[in-house]
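A.B. asks: What follows is run.pdb; its format and atoms are PDB, C-alpha atoms, pLDDT in the B column.
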MODEL        1
ATOM      1  CA  ASP A   1      -9.792 190.538 209.815  1.00 63.00           C
ATOM      2  CA  THR A   2     -12.906 190.772 211.974  1.00 69.00           C
ATOM      3  CA  ALA A   3     -13.341 187.602 214.008  1.00 92.00           C
ATOM      4  CA  VAL A   4     -17.103 187.768 214.579  1.00 96.00           C
ATOM      5  CA  SER A   5     -19.087 190.094 212.358  1.00 96.00           C
ATOM      6  CA  GLN A   6     -22.745 191.032 212.403  1.00 97.00           C
ATOM      7  CA  THR A   7     -24.929 192.882 209.931  1.00 97.00           C
ATOM      8  CA  PRO A   8     -26.553 195.253 210.131  1.00 97.00           C
ATOM      9  CA  LYS A   9     -25.047 197.282 212.961  1.00 96.00           C
ATOM     10  CA  TYR A  10     -28.208 199.336 213.356  1.00 97.00           C
ATOM     11  CA  LEU A  11     -31.746 198.332 212.481  1.00 97.00           C
ATOM     12  CA  VAL A  12     -34.763 200.582 212.865  1.00 97.00           C
ATOM     13  CA  THR A  13     -38.089 199.114 211.896  1.00 97.00           C
ATOM     14  CA  GLN A  14     -41.777 199.277 212.657  1.00 97.00           C
ATOM     15  CA  MET A  15     -43.858 196.955 214.764  1.00 97.00           C
ATOM     16  CA  GLY A  16     -45.143 193.964 212.886  1.00 97.00           C
ATOM     17  CA  ASN A  17     -42.281 193.777 210.409  1.00 97.00           C
ATOM     18  CA  ASP A  18     -40.024 190.755 209.904  1.00 97.00           C
ATOM     19  CA  LYS A  19     -36.262 191.270 209.993  1.00 97.00           C
ATOM     20  CA  SER A  20     -33.057 189.247 209.978  1.00 97.00           C
ATOM     21  CA  ILE A  21     -29.662 189.751 211.553  1.00 98.00           C
ATOM     22  CA  LYS A  22     -26.661 187.933 210.112  1.00 97.00           C
ATOM     23  CA  CYS A  23     -23.618 186.660 211.960  1.00 97.00           C
ATOM     24  CA  GLU A  24     -20.401 185.190 210.636  1.00 97.00           C
ATOM     25  CA  GLN A  25     -17.234 184.057 212.382  1.00 96.00           C
ATOM     26  CA  ASN A  26     -13.891 183.284 210.761  1.00 94.00           C
ATOM     27  CA  LEU A  27     -12.275 181.719 213.828  1.00 92.00           C
ATOM     28  CA  GLY A  28     -13.000 178.103 212.948  1.00 90.00           C
ATOM     29  CA  HIS A  29     -15.245 177.780 215.993  1.00 90.00           C
ATOM     30  CA  ASP A  30     -18.084 175.308 215.973  1.00 87.00           C
ATOM     31  CA  THR A  31     -20.322 176.777 218.659  1.00 89.00           C
ATOM     32  CA  MET A  32     -22.229 179.995 218.086  1.00 92.00           C
ATOM     33  CA  TYR A  33     -24.641 181.970 220.225  1.00 92.00           C
ATOM     34  CA  TRP A  34     -27.143 184.760 220.228  1.00 94.00           C
ATOM     35  CA  TYR A  35     -27.447 187.041 223.258  1.00 94.00           C
ATOM     36  CA  LYS A  36     -29.843 189.891 223.937  1.00 95.00           C
ATOM     37  CA  GLN A  37     -28.850 192.968 225.946  1.00 95.00           C
ATOM     38  CA  ASP A  38     -31.874 194.953 227.030  1.00 90.00           C
ATOM     39  CA  SER A  39     -32.197 198.592 228.024  1.00 84.00           C
ATOM     40  CA  LYS A  40     -31.090 197.755 231.561  1.00 82.00           C
ATOM     41  CA  LYS A  41     -27.854 196.354 230.081  1.00 81.00           C
ATOM     42  CA  PHE A  42     -28.623 192.817 231.193  1.00 86.00           C
ATOM     43  CA  LEU A  43     -27.042 190.338 228.782  1.00 90.00           C
ATOM     44  CA  LYS A  44     -28.957 187.100 228.376  1.00 90.00           C
ATOM     45  CA  ILE A  45     -28.458 183.963 226.274  1.00 90.00           C
ATOM     46  CA  MET A  46     -31.100 183.274 223.648  1.00 91.00           C
ATOM     47  CA  PHE A  47     -29.757 180.409 221.546  1.00 88.00           C
ATOM     48  CA  SER A  48     -26.686 178.258 221.154  1.00 88.00           C
ATOM     49  CA  TYR A  49     -25.735 176.138 218.154  1.00 87.00           C
ATOM     50  CA  ASN A  50     -23.027 173.503 218.069  1.00 84.00           C
ATOM     51  CA  ASN A  51     -22.043 172.166 214.656  1.00 80.00           C
ATOM     52  CA  LYS A  52     -25.200 173.624 213.159  1.00 79.00           C
ATOM     53  CA  GLU A  53     -27.416 171.922 215.753  1.00 82.00           C
ATOM     54  CA  LEU A  54     -29.466 173.773 218.327  1.00 83.00           C
ATOM     55  CA  ILE A  55     -28.259 172.965 221.850  1.00 79.00           C
ATOM     56  CA  ILE A  56     -29.747 175.804 223.889  1.00 77.00           C
ATOM     57  CA  ASN A  57     -33.044 177.516 223.406  1.00 76.00           C
ATOM     58  CA  GLU A  58     -33.918 179.717 226.333  1.00 78.00           C
ATOM     59  CA  THR A  59     -37.455 180.940 226.867  1.00 77.00           C
ATOM     60  CA  VAL A  60     -37.509 182.996 223.745  1.00 88.00           C
ATOM     61  CA  PRO A  61     -40.761 183.649 221.834  1.00 90.00           C
ATOM     62  CA  ASN A  62     -41.090 181.471 218.755  1.00 90.00           C
ATOM     63  CA  ARG A  63     -41.133 184.674 216.699  1.00 95.00           C
ATOM     64  CA  PHE A  64     -37.360 184.348 216.968  1.00 94.00           C
ATOM     65  CA  SER A  65     -35.895 181.671 214.742  1.00 92.00           C
ATOM     66  CA  PRO A  66     -32.168 181.062 214.458  1.00 92.00           C
ATOM     67  CA  LYS A  67     -30.763 179.461 211.335  1.00 92.00           C
ATOM     68  CA  SER A  68     -27.302 178.000 210.931  1.00 91.00           C
ATOM     69  CA  PRO A  69     -26.514 177.213 207.273  1.00 91.00           C
ATOM     70  CA  ASP A  70     -22.978 176.159 208.235  1.00 90.00           C
ATOM     71  CA  LYS A  71     -20.651 176.269 211.215  1.00 89.00           C
ATOM     72  CA  ALA A  72     -19.439 179.760 210.412  1.00 93.00           C
ATOM     73  CA  HIS A  73     -22.854 181.391 210.261  1.00 95.00           C
ATOM     74  CA  LEU A  74     -25.739 181.821 212.671  1.00 95.00           C
ATOM     75  CA  ASN A  75     -28.497 184.121 211.530  1.00 95.00           C
ATOM     76  CA  LEU A  76     -31.440 185.362 213.574  1.00 96.00           C
ATOM     77  CA  HIS A  77     -34.819 185.939 212.004  1.00 96.00           C
ATOM     78  CA  ILE A  78     -37.502 187.796 213.922  1.00 96.00           C
ATOM     79  CA  ASN A  79     -41.144 187.765 212.862  1.00 96.00           C
ATOM     80  CA  SER A  80     -43.829 190.249 213.829  1.00 97.00           C
ATOM     81  CA  LEU A  81     -41.502 192.586 215.676  1.00 97.00           C
ATOM     82  CA  GLU A  82     -42.752 194.093 218.939  1.00 96.00           C
ATOM     83  CA  LEU A  83     -41.662 197.177 220.867  1.00 96.00           C
ATOM     84  CA  GLY A  84     -40.149 194.952 223.555  1.00 94.00           C
ATOM     85  CA  ASP A  85     -37.772 193.441 221.018  1.00 96.00           C
ATOM     86  CA  SER A  86     -35.793 196.690 221.002  1.00 96.00           C
ATOM     87  CA  ALA A  87     -32.361 195.772 222.348  1.00 96.00           C
ATOM     88  CA  VAL A  88     -28.801 195.093 221.301  1.00 97.00           C
ATOM     89  CA  TYR A  89     -28.329 191.588 219.917  1.00 97.00           C
ATOM     90  CA  PHE A  90     -24.864 190.066 220.172  1.00 97.00           C
ATOM     91  CA  CYS A  91     -23.627 187.057 218.296  1.00 96.00           C
ATOM     92  CA  ALA A  92     -20.733 185.091 219.792  1.00 94.00           C
ATOM     93  CA  SER A  93     -18.679 182.001 219.069  1.00 93.00           C
ATOM     94  CA  SER A  94     -16.384 179.645 220.955  1.00 89.00           C
ATOM     95  CA  ARG A  95     -13.948 176.897 220.058  1.00 83.00           C
ATOM     96  CA  PRO A  96     -14.775 173.207 220.300  1.00 68.00           C
ATOM     97  CA  GLY A  97     -13.679 170.850 223.053  1.00 65.00           C
ATOM     98  CA  THR A  98     -13.823 170.756 226.806  1.00 61.00           C
ATOM     99  CA  GLY A  99     -12.207 173.057 229.275  1.00 63.00           C
ATOM    100  CA  ILE A 100     -12.418 176.787 229.442  1.00 64.00           C
ATOM    101  CA  ARG A 101     -13.805 178.253 226.247  1.00 74.00           C
ATOM    102  CA  GLU A 102     -13.578 181.968 225.743  1.00 83.00           C
ATOM    103  CA  GLN A 103     -16.494 183.412 223.829  1.00 88.00           C
ATOM    104  CA  TYR A 104     -15.779 186.024 221.192  1.00 92.00           C
ATOM    105  CA  PHE A 105     -18.544 188.524 220.623  1.00 95.00           C
ATOM    106  CA  GLY A 106     -19.564 190.389 217.525  1.00 96.00           C
ATOM    107  CA  PRO A 107     -19.996 194.188 217.654  1.00 96.00           C
ATOM    108  CA  GLY A 108     -23.741 193.906 218.227  1.00 97.00           C
ATOM    109  CA  THR A 109     -26.838 194.890 216.279  1.00 98.00           C
ATOM    110  CA  ARG A 110     -28.856 197.696 217.824  1.00 97.00           C
ATOM    111  CA  LEU A 111     -32.491 196.985 217.008  1.00 97.00           C
ATOM    112  CA  THR A 112     -35.077 199.706 217.514  1.00 97.00           C
ATOM    113  CA  VAL A 113     -38.720 198.877 216.968  1.00 97.00           C
ATOM    114  CA  THR A 114     -41.027 201.861 216.586  1.00 96.00           C
TER     115      THR A 114
ATOM    116  CA  ARG B   1     -32.830 185.036 242.874  1.00 61.00           C
ATOM    117  CA  LYS B   2     -30.642 185.929 239.909  1.00 74.00           C
ATOM    118  CA  GLU B   3     -28.053 183.364 238.955  1.00 88.00           C
ATOM    119  CA  VAL B   4     -25.157 185.825 239.026  1.00 93.00           C
ATOM    120  CA  GLU B   5     -25.302 188.865 241.295  1.00 94.00           C
ATOM    121  CA  GLN B   6     -23.010 191.879 241.323  1.00 94.00           C
ATOM    122  CA  ASP B   7     -23.039 195.277 242.936  1.00 89.00           C
ATOM    123  CA  PRO B   8     -23.892 197.577 240.000  1.00 87.00           C
ATOM    124  CA  GLY B   9     -21.893 200.482 241.404  1.00 86.00           C
ATOM    125  CA  PRO B  10     -20.900 202.898 240.030  1.00 92.00           C
ATOM    126  CA  PHE B  11     -17.466 202.823 241.560  1.00 94.00           C
ATOM    127  CA  ASN B  12     -15.745 206.181 241.136  1.00 96.00           C
ATOM    128  CA  VAL B  13     -12.048 205.966 241.993  1.00 97.00           C
ATOM    129  CA  PRO B  14      -9.017 208.190 241.394  1.00 97.00           C
ATOM    130  CA  GLU B  15      -6.187 207.071 239.137  1.00 98.00           C
ATOM    131  CA  GLY B  16      -3.784 204.823 240.985  1.00 97.00           C
ATOM    132  CA  ALA B  17      -6.389 203.472 243.387  1.00 97.00           C
ATOM    133  CA  THR B  18      -7.041 199.834 244.074  1.00 97.00           C
ATOM    134  CA  VAL B  19     -10.613 198.689 243.552  1.00 97.00           C
ATOM    135  CA  ALA B  20     -12.304 195.350 244.197  1.00 96.00           C
ATOM    136  CA  PHE B  21     -15.459 193.898 242.689  1.00 95.00           C
ATOM    137  CA  ASN B  22     -17.400 190.988 244.083  1.00 94.00           C
ATOM    138  CA  CYS B  23     -19.854 188.583 242.604  1.00 95.00           C
ATOM    139  CA  THR B  24     -21.897 185.636 243.855  1.00 96.00           C
ATOM    140  CA  TYR B  25     -23.457 182.841 241.855  1.00 95.00           C
ATOM    141  CA  SER B  26     -26.278 180.511 242.773  1.00 93.00           C
ATOM    142  CA  ASN B  27     -25.599 177.311 240.811  1.00 88.00           C
ATOM    143  CA  SER B  28     -23.147 175.148 242.725  1.00 87.00           C
ATOM    144  CA  ALA B  29     -22.664 173.004 239.593  1.00 85.00           C
ATOM    145  CA  SER B  30     -21.223 175.931 237.647  1.00 86.00           C
ATOM    146  CA  GLN B  31     -18.085 174.910 235.850  1.00 82.00           C
ATOM    147  CA  SER B  32     -16.197 177.910 234.546  1.00 88.00           C
ATOM    148  CA  PHE B  33     -15.894 181.483 235.660  1.00 92.00           C
ATOM    149  CA  PHE B  34     -14.810 184.659 233.947  1.00 93.00           C
ATOM    150  CA  TRP B  35     -14.599 188.395 234.146  1.00 96.00           C
ATOM    151  CA  TYR B  36     -15.558 190.192 230.968  1.00 96.00           C
ATOM    152  CA  ARG B  37     -15.204 193.879 230.293  1.00 97.00           C
ATOM    153  CA  GLN B  38     -17.711 195.923 228.326  1.00 96.00           C
ATOM    154  CA  ASP B  39     -17.034 199.455 227.157  1.00 95.00           C
ATOM    155  CA  CYS B  40     -19.933 201.775 226.444  1.00 92.00           C
ATOM    156  CA  ARG B  41     -21.833 200.667 223.314  1.00 89.00           C
ATOM    157  CA  LYS B  42     -19.326 197.923 222.599  1.00 94.00           C
ATOM    158  CA  GLU B  43     -19.298 194.153 222.807  1.00 95.00           C
ATOM    159  CA  PRO B  44     -18.143 192.274 225.928  1.00 95.00           C
ATOM    160  CA  LYS B  45     -14.539 191.096 225.815  1.00 94.00           C
ATOM    161  CA  LEU B  46     -12.862 188.530 228.005  1.00 93.00           C
ATOM    162  CA  LEU B  47     -10.710 190.135 230.685  1.00 95.00           C
ATOM    163  CA  MET B  48      -9.647 186.943 232.408  1.00 93.00           C
ATOM    164  CA  SER B  49     -10.749 183.471 233.352  1.00 90.00           C
ATOM    165  CA  VAL B  50     -10.994 182.723 237.057  1.00 92.00           C
ATOM    166  CA  TYR B  51      -9.369 179.639 238.554  1.00 85.00           C
ATOM    167  CA  SER B  52      -9.866 178.084 241.971  1.00 84.00           C
ATOM    168  CA  SER B  53      -6.246 178.742 242.870  1.00 84.00           C
ATOM    169  CA  GLY B  54      -6.616 182.420 242.005  1.00 86.00           C
ATOM    170  CA  ASN B  55      -4.853 184.025 239.109  1.00 91.00           C
ATOM    171  CA  GLU B  56      -3.176 187.262 238.217  1.00 93.00           C
ATOM    172  CA  ASP B  57      -2.697 189.109 234.968  1.00 93.00           C
ATOM    173  CA  GLY B  58      -0.674 192.258 235.403  1.00 96.00           C
ATOM    174  CA  ARG B  59      -2.672 194.651 237.561  1.00 97.00           C
ATOM    175  CA  PHE B  60      -5.677 192.331 237.676  1.00 97.00           C
ATOM    176  CA  THR B  61      -6.196 189.529 240.189  1.00 97.00           C
ATOM    177  CA  ALA B  62      -9.171 187.167 240.180  1.00 96.00           C
ATOM    178  CA  GLN B  63     -10.214 184.826 242.956  1.00 95.00           C
ATOM    179  CA  LEU B  64     -12.796 182.070 243.147  1.00 95.00           C
ATOM    180  CA  ASN B  65     -14.239 180.553 246.292  1.00 93.00           C
ATOM    181  CA  ARG B  66     -16.350 177.566 245.268  1.00 92.00           C
ATOM    182  CA  ALA B  67     -17.502 176.834 248.828  1.00 92.00           C
ATOM    183  CA  SER B  68     -18.961 180.329 249.176  1.00 93.00           C
ATOM    184  CA  GLN B  69     -19.859 180.601 245.470  1.00 94.00           C
ATOM    185  CA  TYR B  70     -18.051 183.882 245.340  1.00 94.00           C
ATOM    186  CA  ILE B  71     -15.833 185.480 242.704  1.00 95.00           C
ATOM    187  CA  SER B  72     -13.747 188.613 243.014  1.00 96.00           C
ATOM    188  CA  LEU B  73     -11.699 190.910 240.811  1.00 97.00           C
ATOM    189  CA  LEU B  74      -9.026 193.244 242.138  1.00 97.00           C
ATOM    190  CA  ILE B  75      -7.622 196.037 240.008  1.00 97.00           C
ATOM    191  CA  ARG B  76      -4.440 197.681 241.257  1.00 98.00           C
ATOM    192  CA  ASP B  77      -3.046 201.038 240.157  1.00 98.00           C
ATOM    193  CA  SER B  78      -6.217 201.979 238.274  1.00 98.00           C
ATOM    194  CA  LYS B  79      -5.803 203.701 234.916  1.00 98.00           C
ATOM    195  CA  LEU B  80      -8.240 206.004 233.155  1.00 97.00           C
ATOM    196  CA  SER B  81      -8.546 203.316 230.487  1.00 97.00           C
ATOM    197  CA  ASP B  82      -9.911 200.865 233.081  1.00 98.00           C
ATOM    198  CA  SER B  83     -13.200 202.785 233.066  1.00 97.00           C
ATOM    199  CA  ALA B  84     -15.787 200.307 231.827  1.00 97.00           C
ATOM    200  CA  THR B  85     -18.429 197.877 233.031  1.00 96.00           C
ATOM    201  CA  TYR B  86     -17.056 194.658 234.489  1.00 97.00           C
ATOM    202  CA  LEU B  87     -19.226 191.603 234.004  1.00 96.00           C
ATOM    203  CA  CYS B  88     -19.039 188.563 236.247  1.00 95.00           C
ATOM    204  CA  VAL B  89     -19.764 185.509 234.123  1.00 93.00           C
ATOM    205  CA  VAL B  90     -20.494 181.905 234.996  1.00 92.00           C
ATOM    206  CA  GLU B  91     -20.666 178.984 232.604  1.00 86.00           C
ATOM    207  CA  ASN B  92     -22.957 176.100 233.423  1.00 76.00           C
ATOM    208  CA  SER B  93     -23.431 173.071 231.227  1.00 68.00           C
ATOM    209  CA  GLY B  94     -24.287 173.566 227.572  1.00 62.00           C
ATOM    210  CA  TYR B  95     -21.691 176.274 226.986  1.00 69.00           C
ATOM    211  CA  ALA B  96     -23.981 179.255 227.560  1.00 75.00           C
ATOM    212  CA  LEU B  97     -22.652 182.072 229.685  1.00 84.00           C
ATOM    213  CA  ASN B  98     -24.695 183.582 232.495  1.00 89.00           C
ATOM    214  CA  PHE B  99     -23.849 187.218 232.946  1.00 92.00           C
ATOM    215  CA  GLY B 100     -24.213 189.394 235.982  1.00 93.00           C
ATOM    216  CA  LYS B 101     -25.616 192.853 235.373  1.00 92.00           C
ATOM    217  CA  GLY B 102     -22.151 194.328 235.588  1.00 94.00           C
ATOM    218  CA  THR B 103     -20.313 196.731 237.857  1.00 95.00           C
ATOM    219  CA  SER B 104     -19.612 200.159 236.464  1.00 95.00           C
ATOM    220  CA  LEU B 105     -16.151 201.615 237.106  1.00 97.00           C
ATOM    221  CA  LEU B 106     -15.137 205.207 236.469  1.00 97.00           C
ATOM    222  CA  VAL B 107     -11.510 206.105 237.035  1.00 97.00           C
ATOM    223  CA  THR B 108     -10.986 209.840 237.361  1.00 97.00           C
ATOM    224  CA  PRO B 109      -7.822 211.935 236.948  1.00 95.00           C
TER     225      PRO B 109
ENDMDL
END
As structure tokens - that is how I would like this structure written.

C.D. replies:
Amino acid sequence: DTAVSQTPKYLVTQMGNDKSIKCEQNLGHDTMYWYKQDSKKFLKIMFSYNNKELIINETVPNRFSPKSPDKAHLNLHINSLELGDSAVYFCASSRPGTGIREQYFGPGTRLTVT
Amino acid sequence: RKEVEQDPGPFNVPEGATVAFNCTYSNSASQSFFWYRQDCRKEPKLLMSVYSSGNEDGRFTAQLNRASQYISLLIRDSKLSDSATYLCVVENSGYALNFGKGTSLLVTP
């Protein structure tokens, strides 16, 4: 019954590799997000998709490419991984419409680049 | 200047104590305000939204002062289970949330 799920939960890989993280939500939301939480615990928005269209792209290296095949999925592909990419990546989703929109977060993917 | 600023703490309080967290934000056009809670190695979860009139949910009271760009959270009768990091969160346009670095709370027996 998980609302927002991410796979894998842990990812250990070497510098230079390419990896993907998958996210799925079963809440019927149409806006999805990727956040990065670094070693100092600071949580920062990376991307936001609304109805499969990119609406926010913060200053993220173009090695990071989000892909939304449908409203329920937002995957994150990372090329040429670097040590500084080590962090916890959280996917989130929120309902459509105006007004206050709570964001529901996935359990996170802990990425370690060696 | 960071968009959302919080005192990182840690706040160590005994069970039953009242504790208050403060937060300031820099964007006067910010539209929505929240407190999220994050347990160690877990995802953030919404604790409560914050309204201009102030709002209460059980032992938790949130206040917003738009003129001062200031948000607060008051926890009464602290429980051991309240130990967590409390994140002040501001939503600007475009739906993305801007998080403060969080205030760490440890409630001790």

A.B. asks: Please evaluate the PyMOL selection byres ((chain B) within 9 of (chain A)) against the structure above and give the resulting residues as a list of chain:residue names.

C.D. replies: B:Gln31, B:Ser32, B:Phe33, B:Phe34, B:Arg41, B:Lys42, B:Glu43, B:Pro44, B:Lys45, B:Leu46, B:Ser49, B:Gly94, B:Tyr95, B:Ala96, B:Leu97, B:Asn98, B:Phe99, B:Gly100, B:Lys101, B:Gly102

A.B. asks: Report as a PyMOL selection string the full result of the PyMOL selection byres ((chain A and resi 3) around 10) when it is applied to this structure.

C.D. replies: chain A and resi 1-2+4-5+24-28+92-93+104-106

A.B. asks: Which value, in Å to one decimal, gives the distance between atom CA of B:Ile71 and atom CA of B:Cys88?

C.D. replies: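 One can read the atom CA of B:Ile71 to atom CA of B:Cys88 distance as 7.8 Å.
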
A.B. asks: Apply the PyMOL selection byres ((chain B and resi 85) around 9) to the file shown and report the selected residues as a PyMOL selection string.

C.D. replies: chain B and resi 8+10+36-40+83-84+86-87+102-106

A.B. asks: Could you tell me, as a list in words, which residues have any atom at most 8 Å from (-13.8, 204.8, 242.8), counting only C-alpha atoms?

C.D. replies: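 With a cut-off of 8 Å, the residues come to Pro10, Phe11, Asn12, Val13, Pro14, Ala17, Val19, Leu105, Leu106, Val107 and Thr108 of chain B.
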
A.B. asks: Quick one: pull the distance between atom CA of A:Glu58 and atom CA of B:Cys23, Å, one decimal.

C.D. replies: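 So the answer is 23.3 Å.
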
A.B. asks: Quick one: distance from atom CA of A:Ser39 to atom CA of A:Gly84 in Å, one decimal?

C.D. replies: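 Distance between the two atoms: 9.8 Å.
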
A.B. asks: Quick one: residues within 6 Å of A:Cys23, all atoms listed in the file, excluding same-chain residues fewer than 5 positions away - as a list of chain:residue names?

C.D. replies: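 Using all atoms listed in the file, the neighbours found are A:Ser5, A:Gln6, A:His73, A:Leu74, A:Asn75.
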
A.B. asks: With all atoms listed in the file as the atoms that count, which of B:Gly54, B:Arg59, B:Asn27, B:Asn22 lies nearest to B:Gly9?

C.D. replies: B:Asn22
